[in-house]
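Following: one structure in structure tokens, then a few remarks.
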Amino acid sequence: MSHLEFGALIGRPVPAVRAEDVRRVWSFLTSERARGMSVQGQAVDIKLLAGLCDTTANVLAVFLRVTLVEALMGQEGSDRWREGKSLRGKVFDVAASFPLPRGVENADFAVFVAALE
């Protein structure tokens with residue numbers, strides 16, 4: 001997906017997705033970073049991510065919802081959401097279905113965190 005195509009999605013609703021797809025994509029991106037691969041700020045092949053998701057998944061919506069999880073993990077005190085080397089299942093459940101009627105960039109992050117508690 002080109003930068004222009006992605007830009008056309010800004011401010012648009014992001015549909016709910018399967019929590020397991022969010023978990024798999026987040027886990028993949030996290031493991032790539034742990035191996036020293038730079039995936040943040042770089043292009044990620046959407047076909048690669050699609051291979052991690054259910055065949056009917058809206059892969060872009062999954063990826064955008066993964067950004068919610070990444071933002072959560074960038075917050076102070078994020079360890080409370082960890083469970084071993086992964087995250088609590090509730091993180092993925094909420095991220096997968098959290099209402100995003102005006103796009104992920106307009107998400108009310110405080111409400112997202114409150115939904116996790």
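Please note that chains go A, B, ... in the order of the structure tokens, that every chain numbers its residues from 1, and that ligands are numbered from 1 in the order shown.
Near A:Val14, within 7 Å and counting only C-alpha atoms, sit Ala61, Leu100, Pro101 and Gly103 of chain A; same-chain residues fewer than 3 positions away were not included.
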Could those selected residues go to a file with all heavy atoms, as a tab-separated table (two decimals), in the first residue's frame?
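The file below, result30.tsv, is the result:
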```
chain	number	residue	atom	x	y	z
A	61	ALA	N	-7.00	-2.72	8.92
A	61	ALA	CA	-7.67	-2.44	10.20
A	61	ALA	C	-6.93	-3.14	11.34
A	61	ALA	O	-6.78	-2.57	12.42
A	61	ALA	CB	-9.13	-2.88	10.14
A	100	LEU	N	-13.56	3.11	16.84
A	100	LEU	CA	-12.69	4.07	16.16
A	100	LEU	C	-13.45	4.70	15.00
A	100	LEU	O	-13.09	4.53	13.83
A	100	LEU	CB	-11.41	3.38	15.67
A	100	LEU	CG	-10.50	2.80	16.74
A	100	LEU	CD1	-9.42	1.93	16.12
A	100	LEU	CD2	-9.90	3.91	17.57
A	101	PRO	N	-14.52	5.45	15.31
A	101	PRO	CA	-15.35	6.00	14.24
A	101	PRO	C	-14.68	7.09	13.41
A	101	PRO	O	-15.11	7.36	12.29
A	101	PRO	CB	-16.57	6.55	14.98
A	101	PRO	CG	-16.05	6.87	16.35
A	101	PRO	CD	-15.00	5.82	16.63
A	103	GLY	N	-11.17	7.16	12.96
A	103	GLY	CA	-9.81	6.72	12.71
A	103	GLY	C	-9.01	6.57	13.98
A	103	GLY	O	-9.34	7.12	15.03
```
Please identify which residues in chain A DSSP calls helix (DSSP H, G or I) from the backbone, and express them as a PDB file with N, CA and C atoms, in the first residue's frame.
```pdb
ATOM      1  N   HIS A   3       1.960   5.277   0.320  1.00  0.00           N
ATOM      2  CA  HIS A   3       1.733   6.338   1.302  1.00  0.00           C
ATOM      3  C   HIS A   3       0.450   7.097   0.980  1.00  0.00           C
ATOM      4  N   LEU A   4       0.182   7.331  -0.295  1.00  0.00           N
ATOM      5  CA  LEU A   4      -1.027   8.054  -0.692  1.00  0.00           C
ATOM      6  C   LEU A   4      -2.282   7.276  -0.355  1.00  0.00           C
ATOM      7  N   GLU A   5      -2.281   5.975  -0.589  1.00  0.00           N
ATOM      8  CA  GLU A   5      -3.443   5.147  -0.257  1.00  0.00           C
ATOM      9  C   GLU A   5      -3.689   5.153   1.243  1.00  0.00           C
ATOM     10  N   PHE A   6      -2.634   5.048   2.015  1.00  0.00           N
ATOM     11  CA  PHE A   6      -2.754   5.046   3.468  1.00  0.00           C
ATOM     12  C   PHE A   6      -3.310   6.380   3.945  1.00  0.00           C
ATOM     13  N   GLY A   7      -2.840   7.480   3.360  1.00  0.00           N
ATOM     14  CA  GLY A   7      -3.300   8.808   3.742  1.00  0.00           C
ATOM     15  C   GLY A   7      -4.787   8.999   3.523  1.00  0.00           C
ATOM     16  N   ALA A  19      -9.516 -10.434  17.636  1.00  0.00           N
ATOM     17  CA  ALA A  19      -8.454 -10.203  18.623  1.00  0.00           C
ATOM     18  C   ALA A  19      -7.232 -11.059  18.318  1.00  0.00           C
ATOM     19  N   GLU A  20      -7.439 -12.261  17.841  1.00  0.00           N
ATOM     20  CA  GLU A  20      -6.311 -13.152  17.556  1.00  0.00           C
ATOM     21  C   GLU A  20      -5.439 -12.603  16.429  1.00  0.00           C
ATOM     22  N   ASP A  21      -6.050 -11.930  15.458  1.00  0.00           N
ATOM     23  CA  ASP A  21      -5.269 -11.317  14.385  1.00  0.00           C
ATOM     24  C   ASP A  21      -4.409 -10.182  14.932  1.00  0.00           C
ATOM     25  N   VAL A  22      -4.988  -9.378  15.831  1.00  0.00           N
ATOM     26  CA  VAL A  22      -4.226  -8.293  16.457  1.00  0.00           C
ATOM     27  C   VAL A  22      -3.055  -8.880  17.243  1.00  0.00           C
ATOM     28  N   ARG A  23      -3.310  -9.935  17.981  1.00  0.00           N
ATOM     29  CA  ARG A  23      -2.257 -10.585  18.778  1.00  0.00           C
ATOM     30  C   ARG A  23      -1.126 -11.084  17.881  1.00  0.00           C
ATOM     31  N   ARG A  24      -1.461 -11.763  16.805  1.00  0.00           N
ATOM     32  CA  ARG A  24      -0.424 -12.329  15.936  1.00  0.00           C
ATOM     33  C   ARG A  24       0.411 -11.240  15.256  1.00  0.00           C
ATOM     34  N   VAL A  25      -0.240 -10.198  14.752  1.00  0.00           N
ATOM     35  CA  VAL A  25       0.518  -9.128  14.088  1.00  0.00           C
ATOM     36  C   VAL A  25       1.373  -8.387  15.102  1.00  0.00           C
ATOM     37  N   TRP A  26       0.826  -8.085  16.268  1.00  0.00           N
ATOM     38  CA  TRP A  26       1.612  -7.407  17.307  1.00  0.00           C
ATOM     39  C   TRP A  26       2.802  -8.280  17.714  1.00  0.00           C
ATOM     40  N   SER A  27       2.568  -9.556  17.922  1.00  0.00           N
ATOM     41  CA  SER A  27       3.646 -10.474  18.325  1.00  0.00           C
ATOM     42  C   SER A  27       4.734 -10.541  17.261  1.00  0.00           C
ATOM     43  N   PHE A  28       4.330 -10.600  15.999  1.00  0.00           N
ATOM     44  CA  PHE A  28       5.303 -10.638  14.911  1.00  0.00           C
ATOM     45  C   PHE A  28       6.153  -9.371  14.898  1.00  0.00           C
ATOM     46  N   LEU A  29       5.511  -8.210  14.926  1.00  0.00           N
ATOM     47  CA  LEU A  29       6.255  -6.952  14.880  1.00  0.00           C
ATOM     48  C   LEU A  29       7.163  -6.807  16.099  1.00  0.00           C
ATOM     49  N   THR A  30       6.691  -7.238  17.252  1.00  0.00           N
ATOM     50  CA  THR A  30       7.492  -7.173  18.475  1.00  0.00           C
ATOM     51  C   THR A  30       8.704  -8.096  18.369  1.00  0.00           C
ATOM     52  N   SER A  31       8.511  -9.296  17.842  1.00  0.00           N
ATOM     53  CA  SER A  31       9.640 -10.231  17.718  1.00  0.00           C
ATOM     54  C   SER A  31      10.654  -9.735  16.696  1.00  0.00           C
ATOM     55  N   GLU A  32      10.188  -9.090  15.632  1.00  0.00           N
ATOM     56  CA  GLU A  32      11.109  -8.537  14.639  1.00  0.00           C
ATOM     57  C   GLU A  32      11.963  -7.426  15.262  1.00  0.00           C
ATOM     58  N   ARG A  33      11.344  -6.597  16.077  1.00  0.00           N
ATOM     59  CA  ARG A  33      12.109  -5.543  16.759  1.00  0.00           C
ATOM     60  C   ARG A  33      13.114  -6.152  17.725  1.00  0.00           C
ATOM     61  N   ALA A  34      12.708  -7.196  18.429  1.00  0.00           N
ATOM     62  CA  ALA A  34      13.594  -7.848  19.394  1.00  0.00           C
ATOM     63  C   ALA A  34      14.800  -8.487  18.706  1.00  0.00           C
ATOM     64  N   ILE A  46       2.294  -5.626   3.454  1.00  0.00           N
ATOM     65  CA  ILE A  46       0.931  -5.953   3.874  1.00  0.00           C
ATOM     66  C   ILE A  46       0.623  -7.422   3.601  1.00  0.00           C
ATOM     67  N   LYS A  47       1.256  -8.005   2.577  1.00  0.00           N
ATOM     68  CA  LYS A  47       1.041  -9.421   2.282  1.00  0.00           C
ATOM     69  C   LYS A  47       1.618 -10.295   3.382  1.00  0.00           C
ATOM     70  N   LEU A  48       2.726  -9.870   3.949  1.00  0.00           N
ATOM     71  CA  LEU A  48       3.318 -10.599   5.066  1.00  0.00           C
ATOM     72  C   LEU A  48       2.372 -10.588   6.257  1.00  0.00           C
ATOM     73  N   LEU A  49       1.826  -9.415   6.559  1.00  0.00           N
ATOM     74  CA  LEU A  49       0.873  -9.313   7.675  1.00  0.00           C
ATOM     75  C   LEU A  49      -0.397 -10.097   7.376  1.00  0.00           C
ATOM     76  N   ALA A  50      -0.844 -10.080   6.129  1.00  0.00           N
ATOM     77  CA  ALA A  50      -2.045 -10.824   5.746  1.00  0.00           C
ATOM     78  C   ALA A  50      -1.869 -12.315   6.016  1.00  0.00           C
ATOM     79  N   VAL A  59      -6.782  -6.497   6.863  1.00  0.00           N
ATOM     80  CA  VAL A  59      -5.414  -6.449   7.379  1.00  0.00           C
ATOM     81  C   VAL A  59      -5.013  -5.032   7.774  1.00  0.00           C
ATOM     82  N   LEU A  60      -5.429  -4.056   7.020  1.00  0.00           N
ATOM     83  CA  LEU A  60      -5.106  -2.682   7.379  1.00  0.00           C
ATOM     84  C   LEU A  60      -5.761  -2.303   8.709  1.00  0.00           C
ATOM     85  N   ALA A  61      -6.998  -2.717   8.923  1.00  0.00           N
ATOM     86  CA  ALA A  61      -7.670  -2.440  10.197  1.00  0.00           C
ATOM     87  C   ALA A  61      -6.934  -3.139  11.342  1.00  0.00           C
ATOM     88  N   VAL A  62      -6.476  -4.358  11.101  1.00  0.00           N
ATOM     89  CA  VAL A  62      -5.693  -5.071  12.121  1.00  0.00           C
ATOM     90  C   VAL A  62      -4.436  -4.265  12.449  1.00  0.00           C
ATOM     91  N   PHE A  63      -3.722  -3.836  11.408  1.00  0.00           N
ATOM     92  CA  PHE A  63      -2.493  -3.080  11.624  1.00  0.00           C
ATOM     93  C   PHE A  63      -2.763  -1.783  12.393  1.00  0.00           C
ATOM     94  N   LEU A  64      -3.806  -1.075  12.022  1.00  0.00           N
ATOM     95  CA  LEU A  64      -4.125   0.171  12.719  1.00  0.00           C
ATOM     96  C   LEU A  64      -4.465  -0.084  14.188  1.00  0.00           C
ATOM     97  N   ARG A  65      -5.133  -1.180  14.457  1.00  0.00           N
ATOM     98  CA  ARG A  65      -5.463  -1.514  15.846  1.00  0.00           C
ATOM     99  C   ARG A  65      -4.229  -1.962  16.627  1.00  0.00           C
ATOM    100  N   VAL A  66      -3.266  -2.546  15.933  1.00  0.00           N
ATOM    101  CA  VAL A  66      -1.986  -2.871  16.580  1.00  0.00           C
ATOM    102  C   VAL A  66      -1.304  -1.593  17.057  1.00  0.00           C
ATOM    103  N   THR A  67      -1.491  -0.498  16.327  1.00  0.00           N
ATOM    104  CA  THR A  67      -0.879   0.768  16.761  1.00  0.00           C
ATOM    105  C   THR A  67      -1.430   1.220  18.110  1.00  0.00           C
ATOM    106  N   LEU A  68      -2.679   0.881  18.424  1.00  0.00           N
ATOM    107  CA  LEU A  68      -3.222   1.178  19.759  1.00  0.00           C
ATOM    108  C   LEU A  68      -2.446   0.419  20.834  1.00  0.00           C
ATOM    109  N   VAL A  69      -2.189  -0.853  20.551  1.00  0.00           N
ATOM    110  CA  VAL A  69      -1.438  -1.682  21.505  1.00  0.00           C
ATOM    111  C   VAL A  69      -0.027  -1.126  21.663  1.00  0.00           C
ATOM    112  N   GLU A  70       0.595  -0.740  20.563  1.00  0.00           N
ATOM    113  CA  GLU A  70       1.948  -0.188  20.638  1.00  0.00           C
ATOM    114  C   GLU A  70       1.970   1.119  21.422  1.00  0.00           C
ATOM    115  N   ALA A  71       0.959   1.952  21.241  1.00  0.00           N
ATOM    116  CA  ALA A  71       0.882   3.201  22.007  1.00  0.00           C
ATOM    117  C   ALA A  71       0.713   2.898  23.491  1.00  0.00           C
ATOM    118  N   LEU A  72      -0.089   1.902  23.811  1.00  0.00           N
ATOM    119  CA  LEU A  72      -0.283   1.504  25.208  1.00  0.00           C
ATOM    120  C   LEU A  72       1.037   1.059  25.823  1.00  0.00           C
ATOM    121  N   MET A  73       1.798   0.274  25.084  1.00  0.00           N
ATOM    122  CA  MET A  73       3.049  -0.250  25.618  1.00  0.00           C
ATOM    123  C   MET A  73       4.119   0.826  25.719  1.00  0.00           C
ATOM    124  N   SER A  78       3.201   0.506  31.727  1.00  0.00           N
ATOM    125  CA  SER A  78       2.621  -0.475  30.803  1.00  0.00           C
ATOM    126  C   SER A  78       2.859  -1.917  31.238  1.00  0.00           C
ATOM    127  N   ASP A  79       3.760  -2.126  32.182  1.00  0.00           N
ATOM    128  CA  ASP A  79       4.027  -3.493  32.645  1.00  0.00           C
ATOM    129  C   ASP A  79       2.790  -4.151  33.240  1.00  0.00           C
ATOM    130  N   ARG A  80       1.858  -3.351  33.724  1.00  0.00           N
ATOM    131  CA  ARG A  80       0.644  -3.937  34.322  1.00  0.00           C
ATOM    132  C   ARG A  80      -0.198  -4.677  33.288  1.00  0.00           C
ATOM    133  N   TRP A  81       0.064  -4.449  32.016  1.00  0.00           N
ATOM    134  CA  TRP A  81      -0.685  -5.134  30.961  1.00  0.00           C
ATOM    135  C   TRP A  81       0.053  -6.370  30.456  1.00  0.00           C
ATOM    136  N   GLY A  89      -4.611 -11.077  27.517  1.00  0.00           N
ATOM    137  CA  GLY A  89      -5.557 -11.244  26.422  1.00  0.00           C
ATOM    138  C   GLY A  89      -6.532 -10.091  26.299  1.00  0.00           C
ATOM    139  N   LYS A  90      -6.879  -9.480  27.421  1.00  0.00           N
ATOM    140  CA  LYS A  90      -7.836  -8.377  27.389  1.00  0.00           C
ATOM    141  C   LYS A  90      -7.323  -7.203  26.550  1.00  0.00           C
ATOM    142  N   VAL A  91      -6.023  -6.994  26.516  1.00  0.00           N
ATOM    143  CA  VAL A  91      -5.448  -5.913  25.711  1.00  0.00           C
ATOM    144  C   VAL A  91      -5.833  -6.108  24.250  1.00  0.00           C
ATOM    145  N   PHE A  92      -5.697  -7.320  23.756  1.00  0.00           N
ATOM    146  CA  PHE A  92      -6.008  -7.604  22.364  1.00  0.00           C
ATOM    147  C   PHE A  92      -7.516  -7.586  22.116  1.00  0.00           C
ATOM    148  N   ASP A  93      -8.281  -8.078  23.094  1.00  0.00           N
ATOM    149  CA  ASP A  93      -9.739  -8.064  22.957  1.00  0.00           C
ATOM    150  C   ASP A  93     -10.260  -6.638  22.825  1.00  0.00           C
ATOM    151  N   VAL A  94      -9.787  -5.757  23.693  1.00  0.00           N
ATOM    152  CA  VAL A  94     -10.251  -4.367  23.669  1.00  0.00           C
ATOM    153  C   VAL A  94      -9.734  -3.650  22.430  1.00  0.00           C
ATOM    154  N   ALA A  95      -8.463  -3.847  22.093  1.00  0.00           N
ATOM    155  CA  ALA A  95      -7.899  -3.187  20.908  1.00  0.00           C
ATOM    156  C   ALA A  95      -8.628  -3.614  19.637  1.00  0.00           C
ATOM    157  N   ALA A  96      -9.075  -4.850  19.580  1.00  0.00           N
ATOM    158  CA  ALA A  96      -9.733  -5.366  18.388  1.00  0.00           C
ATOM    159  C   ALA A  96     -11.123  -4.773  18.173  1.00  0.00           C
ATOM    160  N   SER A  97     -11.772  -4.373  19.250  1.00  0.00           N
ATOM    161  CA  SER A  97     -13.162  -3.916  19.116  1.00  0.00           C
ATOM    162  C   SER A  97     -13.404  -2.487  19.588  1.00  0.00           C
ATOM    163  N   VAL A 104      -7.927   5.825  13.877  1.00  0.00           N
ATOM    164  CA  VAL A 104      -7.073   5.561  15.039  1.00  0.00           C
ATOM    165  C   VAL A 104      -6.387   6.843  15.510  1.00  0.00           C
ATOM    166  N   GLU A 105      -6.117   7.766  14.599  1.00  0.00           N
ATOM    167  CA  GLU A 105      -5.426   8.994  14.977  1.00  0.00           C
ATOM    168  C   GLU A 105      -6.300   9.910  15.824  1.00  0.00           C
ATOM    169  N   ASN A 106      -7.621   9.684  15.828  1.00  0.00           N
ATOM    170  CA  ASN A 106      -8.533  10.485  16.646  1.00  0.00           C
ATOM    171  C   ASN A 106      -9.072   9.700  17.841  1.00  0.00           C
ATOM    172  N   PHE A 109      -7.444   8.030  23.747  1.00  0.00           N
ATOM    173  CA  PHE A 109      -6.566   7.043  24.371  1.00  0.00           C
ATOM    174  C   PHE A 109      -6.916   6.809  25.835  1.00  0.00           C
ATOM    175  N   ALA A 110      -7.353   7.839  26.538  1.00  0.00           N
ATOM    176  CA  ALA A 110      -7.744   7.695  27.949  1.00  0.00           C
ATOM    177  C   ALA A 110      -8.943   6.744  28.069  1.00  0.00           C
ATOM    178  N   VAL A 111      -9.874   6.820  27.148  1.00  0.00           N
ATOM    179  CA  VAL A 111     -11.030   5.925  27.153  1.00  0.00           C
ATOM    180  C   VAL A 111     -10.577   4.503  26.829  1.00  0.00           C
ATOM    181  N   PHE A 112      -9.626   4.363  25.918  1.00  0.00           N
ATOM    182  CA  PHE A 112      -9.074   3.056  25.594  1.00  0.00           C
ATOM    183  C   PHE A 112      -8.456   2.419  26.837  1.00  0.00           C
ATOM    184  N   VAL A 113      -7.646   3.164  27.555  1.00  0.00           N
ATOM    185  CA  VAL A 113      -7.012   2.657  28.779  1.00  0.00           C
ATOM    186  C   VAL A 113      -8.080   2.311  29.818  1.00  0.00           C
ATOM    187  N   ALA A 114      -9.089   3.158  29.959  1.00  0.00           N
ATOM    188  CA  ALA A 114     -10.155   2.901  30.925  1.00  0.00           C
ATOM    189  C   ALA A 114     -10.907   1.609  30.566  1.00  0.00           C
ATOM    190  N   ALA A 115     -11.074   1.335  29.294  1.00  0.00           N
ATOM    191  CA  ALA A 115     -11.751   0.102  28.871  1.00  0.00           C
ATOM    192  C   ALA A 115     -10.941  -1.136  29.247  1.00  0.00           C
ATOM    193  N   LEU A 116      -9.654  -0.982  29.429  1.00  0.00           N
ATOM    194  CA  LEU A 116      -8.794  -2.105  29.806  1.00  0.00           C
ATOM    195  C   LEU A 116      -8.863  -2.405  31.297  1.00  0.00           C
TER     196      LEU A 116
END
```
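With atom CA of A:Arg82 on one side and atom CA of A:Asn58 on the other, the separation reads 26.1 Å.
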Exercise for review: Provide the atom CA of A:Asp108 to atom CA of A:Gln75 distance in Å, to one decimal place.
Suggested key: 14.4 Å
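Interatomic distance, atom CA of A:Arg102 to atom CA of A:Asp45: 24.8 Å.
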Practice item. Within chain A, find each residue whose DSSP state, derived from the backbone, is strand (DSSP E or B), and express the selection as a list in words. Key: Arg82, Glu83, Ser86 and Leu87 of chain A
The selected residues should be written to file as a compact mmCIF listing (two decimals), in the first residue's frame (atoms: N, CA, C and O atoms).
```txt
# COMPACT_ATOMS: atom_id res chain seq x y z
N ARG A 82 1.26 -6.61 30.97
CA ARG A 82 2.06 -7.76 30.52
C ARG A 82 1.66 -9.03 31.26
O ARG A 82 1.24 -9.01 32.40
N GLU A 83 1.86 -10.11 30.55
CA GLU A 83 1.66 -11.44 31.10
C GLU A 83 2.79 -12.29 30.54
O GLU A 83 2.73 -12.74 29.40
N SER A 86 4.33 -11.78 26.81
CA SER A 86 3.27 -11.24 25.97
C SER A 86 2.43 -10.25 26.77
O SER A 86 2.88 -9.72 27.78
N LEU A 87 1.24 -10.03 26.30
CA LEU A 87 0.31 -9.13 26.98
C LEU A 87 -0.92 -9.91 27.40
O LEU A 87 -1.22 -10.96 26.84
```
